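K.L.:
Pasting in a structure now, in structure tokens, and then I'll have a few things to ask.
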Amino acid sequence: MKQGLSLRVSQHLALTPQLQQSIRLLQLSTLEMAQEVEQMLDENPFLERTEETAEREAFGLDQTDTPVSAGEQIVEASQPGDMPAATGPTEPERASLDRESAPSGDTAQGDEVESRIDGAAPLEESWEGDGSVEIAPDDGEWGGEAPARNSGASDGDETASAADLARANVSLQDHLHDQARCLRLNEEDRAALYFLIESLSDDGYLEESISDLAGAWLRMSVIDGAGGATGTEAPVSLEDREALEQRLTTALHWLQNMEPAGVGARDLGECLRLQILELRNTPEARAALAICNQPLELIAKRDVKRLCSLCGLDEETVRAGMALIARLEPKPGRQFVDLERNLVVPDVIVTRAGRGFKVILNPEVMPRLRVHDVYANAMRQNRGGRDSGGEAGHAAMQQRLQEARWFIKNIQQRFDTILRVSSAIVERQRNFFMHGELAMRPLVLREIADELGLHESTISRVTTAKYMATPFGTFELKYFFGSSLGTETGGNASSTAVRALLKQFIASETPAKPLSDNQLSDLLREQGIECARRTVAKYREALRIAPANLRKR
């Protein structure tokens, strides 16, 4: 083995901290971005929020909708030529005077309540309101979720208004606790019922057995008795455990008789049976109850003949019972789930503008940050002491100031990149925004990357967990990219358009004779799209559509 020295010249790419932060911010979702901003505001004293609107050109937007400052409004109002003639109050001024002369919100609310108590119909003016609350229409899934906003004419108290209380989401546990308060129970039974209610899942199921719940109760009791200390558990007698299980079983009976029907079930079959028992005693209900006692796989497969032999019923009665089961709620707690947690906030909004489309960033997700002027000026005026400690402290603060500037710049670059990519997508998928998903054309990441001069990995980061609000709904940016399928004319069809076409075929099929995958493939071939049966099955499963034998009714 011989030792020696050698000289080698090589090149390598080193990512600076600023570039690493830019890449990391680019792939964050809106929620993760908000969390990152909050963390930076807590850690860096040179960052602060600003209520002023961020500079639109910094994010690649036009300044056509820039708000006019108060000074400019005063100057324009002072021009003598622009002063209107004094011809009395205008229509908006009359509306303002009418609102000021209207009675207060408390008085109007008291009159309405008094009229309801007296049994009289509410006054017609109550539909208009008294001007103290703005009623905003809501096209969401639940009409009662419309946001209620109090006006600035409030008396300043912190008491929640009736509209706020009506809009507040009531959880499943709160709904059940309200019903439990109406029961006349002793402390032990009330505690057992409370324990079961708090053990329910979001869907309203009791996923643990009574034995496991009793063991958890006893462990909690031992820990509470020991003052929170964990050590050797005291032995529990068999009689005490059986008594506790009996108490929990009794509490479970009370829980399963509460609303909504089916709550507290241990499995899907029990949930359906609890709901059927709440219905009238009809032949269809008795048939449905007998069907639920059979394996649920037979119901999922719609195996009517097997169910007829197991239940001893004729085919017509079994089909009526299965139709009743189809109307039941498999997840009783679903109606109490907070819908706002599942809302998707779009990063980009696309609207029509004449014959084209306008692409803008959602101002609600754009953080408005700036460097703290007071701290930055103090840094410039005080360069630190002569000793090493002062110089080291000044260098550390200077580094934090530089990090704040980098962070603001990287956020601006992130939104600018999102806007550029979104604009390119809208330009390429123009037919989709005019006619819907059936007009989607094939698009890959490389096309957008080549057009914008970016790398494919950058486009992939931009289109992940970023959403666009369109006239046809809100979609992830990745939704607009899809592979291509060949056509008879030599062109290409987007896989997204093919899936939409399959959905349209299945929606218009006859329920008694659903279309098989081979028939769907033939229908696509008639449209000039070459799509194999296996590809049709893959697209159908991606759409979460059952096969033909399960769709048959």
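FYI, nothing fancy with the structure tokens labels: chains A, B, ... in order, residues from 1 per chain, ligands from 1 as they appear.
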Considering only C-alpha atoms, return as a PyMOL selection string whatever protein or nucleic-acid residues lie within 6 Å of segment 360-376 of chain A, sequence-local ones (same chain, fewer than 6 positions apart) excluded.
P.N.:
chain A and resi 46-50+54+347-349
K.L.:
Create the file for the chosen residues now, containing all heavy atoms and written as a short mmCIF file (atom, residue, chain, number, x, y, z; two decimals), in the first residue's frame.
P.N.:
```cif
data_model
loop_
_atom_site.label_atom_id
_atom_site.label_comp_id
_atom_site.auth_asym_id
_atom_site.auth_seq_id
_atom_site.Cartn_x
_atom_site.Cartn_y
_atom_site.Cartn_z
N PHE A 46 -37.68 40.59 14.43
CA PHE A 46 -37.66 41.60 13.36
C PHE A 46 -38.84 41.45 12.40
O PHE A 46 -39.00 42.25 11.50
CB PHE A 46 -36.35 41.51 12.58
CG PHE A 46 -35.15 41.95 13.35
CD1 PHE A 46 -34.35 41.03 14.00
CD2 PHE A 46 -34.83 43.29 13.47
CE1 PHE A 46 -33.24 41.43 14.73
CE2 PHE A 46 -33.74 43.71 14.19
CZ PHE A 46 -32.94 42.77 14.84
N LEU A 47 -39.66 40.41 12.57
CA LEU A 47 -40.83 40.21 11.73
C LEU A 47 -42.07 40.69 12.45
O LEU A 47 -42.22 40.47 13.65
CB LEU A 47 -40.98 38.73 11.37
CG LEU A 47 -40.22 38.21 10.15
CD1 LEU A 47 -40.48 36.72 9.98
CD2 LEU A 47 -40.61 38.94 8.89
N GLU A 48 -42.97 41.31 11.72
CA GLU A 48 -44.25 41.72 12.28
C GLU A 48 -45.29 41.71 11.18
O GLU A 48 -44.98 41.81 9.99
CB GLU A 48 -44.16 43.11 12.90
CG GLU A 48 -43.94 44.23 11.90
CD GLU A 48 -44.08 45.60 12.52
OE1 GLU A 48 -44.53 45.67 13.68
OE2 GLU A 48 -43.77 46.59 11.84
N ARG A 49 -46.54 41.55 11.60
CA ARG A 49 -47.64 41.60 10.65
C ARG A 49 -47.99 43.05 10.34
O ARG A 49 -47.81 43.94 11.17
CB ARG A 49 -48.87 40.90 11.21
CG ARG A 49 -48.73 39.39 11.32
CD ARG A 49 -50.05 38.77 11.71
NE ARG A 49 -49.95 37.35 11.89
CZ ARG A 49 -50.07 36.46 10.91
NH1 ARG A 49 -50.30 36.89 9.67
NH2 ARG A 49 -49.97 35.17 11.14
N THR A 50 -48.54 43.24 9.18
CA THR A 50 -49.02 44.56 8.79
C THR A 50 -50.43 44.41 8.27
O THR A 50 -50.75 43.45 7.57
CB THR A 50 -48.11 45.20 7.72
OG1 THR A 50 -48.69 46.43 7.31
CG2 THR A 50 -47.94 44.28 6.52
N ALA A 54 -50.61 43.98 0.90
CA ALA A 54 -49.29 43.75 0.33
C ALA A 54 -49.22 44.32 -1.07
O ALA A 54 -50.21 44.43 -1.79
CB ALA A 54 -48.99 42.24 0.30
N ASP A 347 -55.74 28.54 -3.12
CA ASP A 347 -54.62 29.47 -3.22
C ASP A 347 -54.77 30.42 -4.39
O ASP A 347 -54.25 31.54 -4.35
CB ASP A 347 -53.31 28.68 -3.38
CG ASP A 347 -53.04 27.76 -2.21
OD1 ASP A 347 -53.55 26.62 -2.21
OD2 ASP A 347 -52.34 28.18 -1.29
N VAL A 348 -55.50 29.99 -5.41
CA VAL A 348 -55.67 30.77 -6.63
C VAL A 348 -57.16 30.80 -6.96
O VAL A 348 -57.87 29.80 -6.77
CB VAL A 348 -54.86 30.17 -7.80
CG1 VAL A 348 -55.01 31.03 -9.04
CG2 VAL A 348 -53.40 30.03 -7.42
N ILE A 349 -57.63 31.93 -7.45
CA ILE A 349 -59.02 32.10 -7.84
C ILE A 349 -59.07 32.47 -9.31
O ILE A 349 -58.38 33.40 -9.74
CB ILE A 349 -59.72 33.18 -6.99
CG1 ILE A 349 -59.65 32.80 -5.51
CG2 ILE A 349 -61.16 33.38 -7.43
CD1 ILE A 349 -60.20 33.88 -4.58
#
```
K.L.:
Would you please give, as a ChimeraX atom specification, all residues of segment 311-493 of chain A that DSSP assigns to alpha helix (DSSP H) based on the backbone?
P.N.:
/A:311,315-326,373-381,388-428,430-435,445-452,456-463
K.L.:
Extract, using only C-alpha atoms, all DNA, RNA and protein residues at most 10 Å from segment 316-328 of chain A, discarding same-chain residues fewer than 2 positions from it, and format them as an mmCIF file with N, CA and C atoms, in the first residue's frame.
P.N.:
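Listing of around06.cif after writing:
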```cif
data_model
loop_
_atom_site.group_PDB
_atom_site.id
_atom_site.type_symbol
_atom_site.label_atom_id
_atom_site.label_comp_id
_atom_site.auth_asym_id
_atom_site.auth_seq_id
_atom_site.Cartn_x
_atom_site.Cartn_y
_atom_site.Cartn_z
ATOM 1 N N ALA A 261 -80.497 8.038 16.312
ATOM 2 C CA ALA A 261 -80.693 6.595 16.374
ATOM 3 C C ALA A 261 -79.474 5.876 15.818
ATOM 4 N N GLY A 262 -79.069 4.829 16.532
ATOM 5 C CA GLY A 262 -77.896 4.056 16.119
ATOM 6 C C GLY A 262 -76.627 4.428 16.837
ATOM 7 N N CYS A 271 -75.718 -1.015 14.509
ATOM 8 C CA CYS A 271 -76.167 0.349 14.216
ATOM 9 C C CYS A 271 -77.420 0.334 13.349
ATOM 10 N N LEU A 272 -77.437 -0.516 12.330
ATOM 11 C CA LEU A 272 -78.618 -0.602 11.474
ATOM 12 C C LEU A 272 -79.811 -1.179 12.238
ATOM 13 N N ARG A 273 -79.557 -2.162 13.086
ATOM 14 C CA ARG A 273 -80.664 -2.753 13.847
ATOM 15 C C ARG A 273 -81.277 -1.738 14.812
ATOM 16 N N GLN A 275 -81.476 1.445 14.424
ATOM 17 C CA GLN A 275 -82.289 2.391 13.656
ATOM 18 C C GLN A 275 -83.594 1.759 13.176
ATOM 19 N N ILE A 276 -83.549 0.470 12.829
ATOM 20 C CA ILE A 276 -84.768 -0.201 12.372
ATOM 21 C C ILE A 276 -85.766 -0.328 13.512
ATOM 22 N N PRO A 283 -93.960 -4.915 7.647
ATOM 23 C CA PRO A 283 -93.273 -6.077 7.037
ATOM 24 C C PRO A 283 -91.895 -5.726 6.492
ATOM 25 N N GLU A 284 -91.750 -4.518 5.936
ATOM 26 C CA GLU A 284 -90.431 -4.118 5.431
ATOM 27 C C GLU A 284 -89.428 -3.978 6.572
ATOM 28 N N ALA A 285 -89.864 -3.410 7.716
ATOM 29 C CA ALA A 285 -88.953 -3.265 8.849
ATOM 30 C C ALA A 285 -88.563 -4.615 9.421
ATOM 31 N N ARG A 286 -89.513 -5.548 9.506
ATOM 32 C CA ARG A 286 -89.179 -6.878 10.010
ATOM 33 C C ARG A 286 -88.231 -7.604 9.062
ATOM 34 N N ALA A 287 -88.438 -7.416 7.766
ATOM 35 C CA ALA A 287 -87.525 -8.029 6.800
ATOM 36 C C ALA A 287 -86.132 -7.411 6.894
ATOM 37 N N ALA A 288 -86.075 -6.095 7.040
ATOM 38 C CA ALA A 288 -84.772 -5.428 7.175
ATOM 39 C C ALA A 288 -84.051 -5.887 8.431
ATOM 40 N N LEU A 289 -84.785 -6.096 9.527
ATOM 41 C CA LEU A 289 -84.172 -6.564 10.758
ATOM 42 C C LEU A 289 -83.624 -7.976 10.594
ATOM 43 N N ALA A 290 -84.348 -8.812 9.881
ATOM 44 C CA ALA A 290 -83.855 -10.168 9.626
ATOM 45 C C ALA A 290 -82.640 -10.154 8.711
ATOM 46 N N ILE A 291 -82.621 -9.265 7.752
ATOM 47 C CA ILE A 291 -81.475 -9.170 6.844
ATOM 48 C C ILE A 291 -80.229 -8.698 7.586
ATOM 49 N N CYS A 292 -80.386 -7.740 8.519
ATOM 50 C CA CYS A 292 -79.228 -7.234 9.265
ATOM 51 C C CYS A 292 -78.629 -8.285 10.183
ATOM 52 N N ILE A 299 -75.375 -8.318 1.946
ATOM 53 C CA ILE A 299 -76.065 -7.063 1.624
ATOM 54 C C ILE A 299 -75.231 -6.242 0.650
ATOM 55 N N ARG A 302 -75.524 -7.641 -2.699
ATOM 56 C CA ARG A 302 -76.918 -7.702 -3.147
ATOM 57 C C ARG A 302 -77.301 -9.120 -3.578
ATOM 58 N N VAL A 304 -79.578 -11.436 -3.337
ATOM 59 C CA VAL A 304 -80.971 -11.550 -2.919
ATOM 60 C C VAL A 304 -81.369 -13.011 -2.727
ATOM 61 N N LYS A 305 -80.919 -13.875 -3.613
ATOM 62 C CA LYS A 305 -81.316 -15.280 -3.519
ATOM 63 C C LYS A 305 -80.789 -15.908 -2.232
ATOM 64 N N LEU A 307 -80.033 -14.349 0.565
ATOM 65 C CA LEU A 307 -80.758 -13.743 1.688
ATOM 66 C C LEU A 307 -82.171 -14.314 1.797
ATOM 67 N N CYS A 308 -82.801 -14.609 0.667
ATOM 68 C CA CYS A 308 -84.143 -15.196 0.714
ATOM 69 C C CYS A 308 -84.118 -16.557 1.393
ATOM 70 N N CYS A 311 -83.233 -15.984 5.304
ATOM 71 C CA CYS A 311 -84.270 -15.313 6.085
ATOM 72 C C CYS A 311 -85.636 -15.971 5.948
ATOM 73 N N GLY A 312 -85.805 -16.851 4.961
ATOM 74 C CA GLY A 312 -87.096 -17.480 4.759
ATOM 75 C C GLY A 312 -88.145 -16.521 4.249
ATOM 76 N N LEU A 313 -87.751 -15.582 3.407
ATOM 77 C CA LEU A 313 -88.671 -14.581 2.880
ATOM 78 C C LEU A 313 -88.679 -14.657 1.366
ATOM 79 N N ASP A 314 -89.725 -14.093 0.761
ATOM 80 C CA ASP A 314 -89.783 -14.060 -0.696
ATOM 81 C C ASP A 314 -88.913 -12.925 -1.219
ATOM 82 N N PRO A 330 -75.419 4.954 8.069
ATOM 83 C CA PRO A 330 -74.382 4.056 8.613
ATOM 84 C C PRO A 330 -73.459 4.728 9.618
ATOM 85 N N LYS A 331 -73.421 6.065 9.614
ATOM 86 C CA LYS A 331 -72.560 6.793 10.554
ATOM 87 C C LYS A 331 -73.423 7.832 11.280
ATOM 88 N N PRO A 332 -73.985 7.481 12.427
ATOM 89 C CA PRO A 332 -74.907 8.414 13.099
ATOM 90 C C PRO A 332 -74.267 9.727 13.513
ATOM 91 N N ARG A 553 -79.781 -3.181 -9.473
ATOM 92 C CA ARG A 553 -80.885 -2.977 -8.537
ATOM 93 C C ARG A 553 -82.129 -3.720 -9.012
#
```
K.L.:
Running DSSP on the backbone, which parts of segment 239-478 of chain A land in strand (DSSP E), as a list in words?
P.N.:
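The strand (DSSP E) residues within segment 239-478 of chain A come out as Val348, Ile349, Val350, Thr351, Arg352, Ala353, Gly356, Phe357, Lys358, Val359, Ile360, Leu361, Leu369, Arg370, Val371, Tyr467, Met468, Ala469, Thr470, Gly473, Thr474, Phe475 and Glu476 of chain A.
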K.L.:
Go ahead and save the picked residues with N, CA, C and O atoms, as a compact mmCIF listing (two decimals), in the first residue's frame.
P.N.:
```txt
# COMPACT_ATOMS: atom_id res chain seq x y z
N VAL A 348 -55.50 29.99 -5.41
CA VAL A 348 -55.67 30.77 -6.63
C VAL A 348 -57.16 30.80 -6.96
O VAL A 348 -57.87 29.80 -6.77
N ILE A 349 -57.63 31.93 -7.45
CA ILE A 349 -59.02 32.10 -7.84
C ILE A 349 -59.07 32.47 -9.31
O ILE A 349 -58.38 33.40 -9.74
N VAL A 350 -59.88 31.73 -10.08
CA VAL A 350 -60.02 31.98 -11.51
C VAL A 350 -61.45 32.46 -11.76
O VAL A 350 -62.41 31.79 -11.39
N THR A 351 -61.57 33.61 -12.38
CA THR A 351 -62.88 34.18 -12.70
C THR A 351 -62.91 34.59 -14.17
O THR A 351 -61.86 34.79 -14.81
N ARG A 352 -64.11 34.70 -14.70
CA ARG A 352 -64.26 35.14 -16.08
C ARG A 352 -63.99 36.64 -16.19
O ARG A 352 -64.39 37.42 -15.34
N ALA A 353 -63.33 37.02 -17.26
CA ALA A 353 -63.06 38.42 -17.54
C ALA A 353 -63.25 38.65 -19.03
O ALA A 353 -62.33 38.48 -19.83
N GLY A 356 -61.99 36.04 -21.78
CA GLY A 356 -60.92 35.27 -21.18
C GLY A 356 -61.18 34.99 -19.72
O GLY A 356 -62.31 35.03 -19.22
N PHE A 357 -60.10 34.69 -19.01
CA PHE A 357 -60.17 34.37 -17.59
C PHE A 357 -59.09 35.14 -16.84
O PHE A 357 -57.99 35.37 -17.36
N LYS A 358 -59.43 35.54 -15.64
CA LYS A 358 -58.52 36.30 -14.79
C LYS A 358 -58.06 35.41 -13.66
O LYS A 358 -58.87 34.79 -12.96
N VAL A 359 -56.76 35.32 -13.47
CA VAL A 359 -56.15 34.48 -12.45
C VAL A 359 -55.56 35.39 -11.38
O VAL A 359 -54.69 36.22 -11.68
N ILE A 360 -56.03 35.25 -10.16
CA ILE A 360 -55.52 36.08 -9.06
C ILE A 360 -55.23 35.17 -7.88
O ILE A 360 -55.77 34.07 -7.75
N LEU A 361 -54.36 35.63 -7.01
CA LEU A 361 -54.08 34.93 -5.77
C LEU A 361 -55.15 35.24 -4.74
O LEU A 361 -55.70 36.34 -4.71
N LEU A 369 -46.47 40.54 5.85
CA LEU A 369 -45.35 40.67 6.77
C LEU A 369 -44.46 41.82 6.33
O LEU A 369 -44.42 42.21 5.16
N ARG A 370 -43.72 42.34 7.29
CA ARG A 370 -42.72 43.36 7.02
C ARG A 370 -41.67 43.33 8.12
O ARG A 370 -41.88 42.75 9.19
N VAL A 371 -40.55 43.95 7.83
CA VAL A 371 -39.48 44.06 8.82
C VAL A 371 -39.84 45.15 9.82
O VAL A 371 -40.31 46.24 9.44
N TYR A 467 -54.49 24.60 -4.30
CA TYR A 467 -55.83 24.45 -4.86
C TYR A 467 -56.23 25.70 -5.64
O TYR A 467 -55.80 26.81 -5.33
N MET A 468 -57.08 25.47 -6.65
CA MET A 468 -57.54 26.54 -7.53
C MET A 468 -59.07 26.53 -7.53
O MET A 468 -59.71 25.50 -7.75
N ALA A 469 -59.66 27.68 -7.27
CA ALA A 469 -61.11 27.85 -7.31
C ALA A 469 -61.51 28.25 -8.72
O ALA A 469 -61.08 29.28 -9.24
N THR A 470 -62.33 27.41 -9.36
CA THR A 470 -62.75 27.62 -10.74
C THR A 470 -64.27 27.75 -10.80
O THR A 470 -64.97 27.47 -9.82
N GLY A 473 -65.79 24.47 -9.61
CA GLY A 473 -65.43 23.91 -8.32
C GLY A 473 -63.98 24.19 -7.99
O GLY A 473 -63.25 24.86 -8.74
N THR A 474 -63.56 23.68 -6.85
CA THR A 474 -62.19 23.85 -6.37
C THR A 474 -61.42 22.56 -6.59
O THR A 474 -61.87 21.48 -6.16
N PHE A 475 -60.28 22.64 -7.24
CA PHE A 475 -59.49 21.47 -7.59
C PHE A 475 -58.03 21.71 -7.19
O PHE A 475 -57.56 22.85 -7.17
N GLU A 476 -57.36 20.60 -6.93
CA GLU A 476 -55.92 20.66 -6.72
C GLU A 476 -55.24 20.92 -8.07
O GLU A 476 -55.73 20.48 -9.13
```
K.L.:
Hey, what's within 7 Å of segment 192-204 of chain A if we count only C-alpha atoms and toss same-chain stuff fewer than 5 positions away? As a PyMOL selection string, please?
P.N.:
chain A and resi 173+247-248+251+263-264+331-334
K.L.:
For segment 534-545 of chain A, work out the shell of residues within 8 Å, counting only C-alpha atoms and skipping chain neighbours fewer than 2 positions away, then give it as number ranges by chain.
P.N.:
A: 499, 502-503, 517, 520-521, 531-532, 547
K.L.:
Could you write out that same residue set with N, CA, C and O atoms as an mmCIF file, in the first residue's frame?
P.N.:
```cif
data_model
loop_
_atom_site.group_PDB
_atom_site.id
_atom_site.type_symbol
_atom_site.label_atom_id
_atom_site.label_comp_id
_atom_site.auth_asym_id
_atom_site.auth_seq_id
_atom_site.Cartn_x
_atom_site.Cartn_y
_atom_site.Cartn_z
ATOM 1 N N ARG A 499 -62.301 9.708 -17.697
ATOM 2 C CA ARG A 499 -62.980 9.375 -16.439
ATOM 3 C C ARG A 499 -64.323 10.111 -16.331
ATOM 4 O O ARG A 499 -65.313 9.557 -15.851
ATOM 5 N N LEU A 502 -66.716 8.243 -18.515
ATOM 6 C CA LEU A 502 -67.170 7.012 -17.863
ATOM 7 C C LEU A 502 -68.224 7.312 -16.796
ATOM 8 O O LEU A 502 -69.227 6.595 -16.675
ATOM 9 N N LYS A 503 -67.987 8.361 -16.031
ATOM 10 C CA LYS A 503 -68.968 8.750 -15.011
ATOM 11 C C LYS A 503 -70.304 9.105 -15.657
ATOM 12 O O LYS A 503 -71.371 8.792 -15.115
ATOM 13 N N ASP A 517 -67.568 -3.494 -17.609
ATOM 14 C CA ASP A 517 -66.347 -2.814 -18.057
ATOM 15 C C ASP A 517 -66.129 -3.011 -19.552
ATOM 16 O O ASP A 517 -65.647 -2.101 -20.245
ATOM 17 N N LEU A 520 -68.451 -0.624 -21.312
ATOM 18 C CA LEU A 520 -67.929 0.745 -21.212
ATOM 19 C C LEU A 520 -66.769 0.956 -22.169
ATOM 20 O O LEU A 520 -66.630 2.031 -22.778
ATOM 21 N N SER A 521 -65.920 -0.068 -22.315
ATOM 22 C CA SER A 521 -64.803 0.042 -23.262
ATOM 23 C C SER A 521 -65.312 0.165 -24.692
ATOM 24 O O SER A 521 -64.764 0.944 -25.494
ATOM 25 N N CYS A 531 -59.474 2.466 -25.357
ATOM 26 C CA CYS A 531 -59.287 2.248 -23.922
ATOM 27 C C CYS A 531 -59.598 0.792 -23.611
ATOM 28 O O CYS A 531 -60.720 0.322 -23.860
ATOM 29 N N ALA A 532 -58.625 0.074 -23.082
ATOM 30 C CA ALA A 532 -58.792 -1.346 -22.793
ATOM 31 C C ALA A 532 -59.691 -1.546 -21.577
ATOM 32 O O ALA A 532 -59.944 -0.615 -20.800
ATOM 33 N N PRO A 547 -68.473 -2.252 -9.205
ATOM 34 C CA PRO A 547 -68.630 -2.983 -10.472
ATOM 35 C C PRO A 547 -70.097 -3.199 -10.809
ATOM 36 O O PRO A 547 -71.004 -2.892 -10.038
#
```
K.L.:
One decimal, Å: what's the distance from atom CA of Asp178 of chain A over to atom CA of Leu274 of chain A, could you say?
P.N.:
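If I compute the distance from atom CA of Asp178 of chain A to atom CA of Leu274 of chain A, I get 20.6 Å.
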K.L.:
Give me, please, the distance in Å between atom CA of Ser457 of chain A and atom CA of His12 of chain A, quoted to one decimal.
P.N.:
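Taking atom CA of Ser457 of chain A as the start and atom CA of His12 of chain A as the end point, the length is 19.0 Å.
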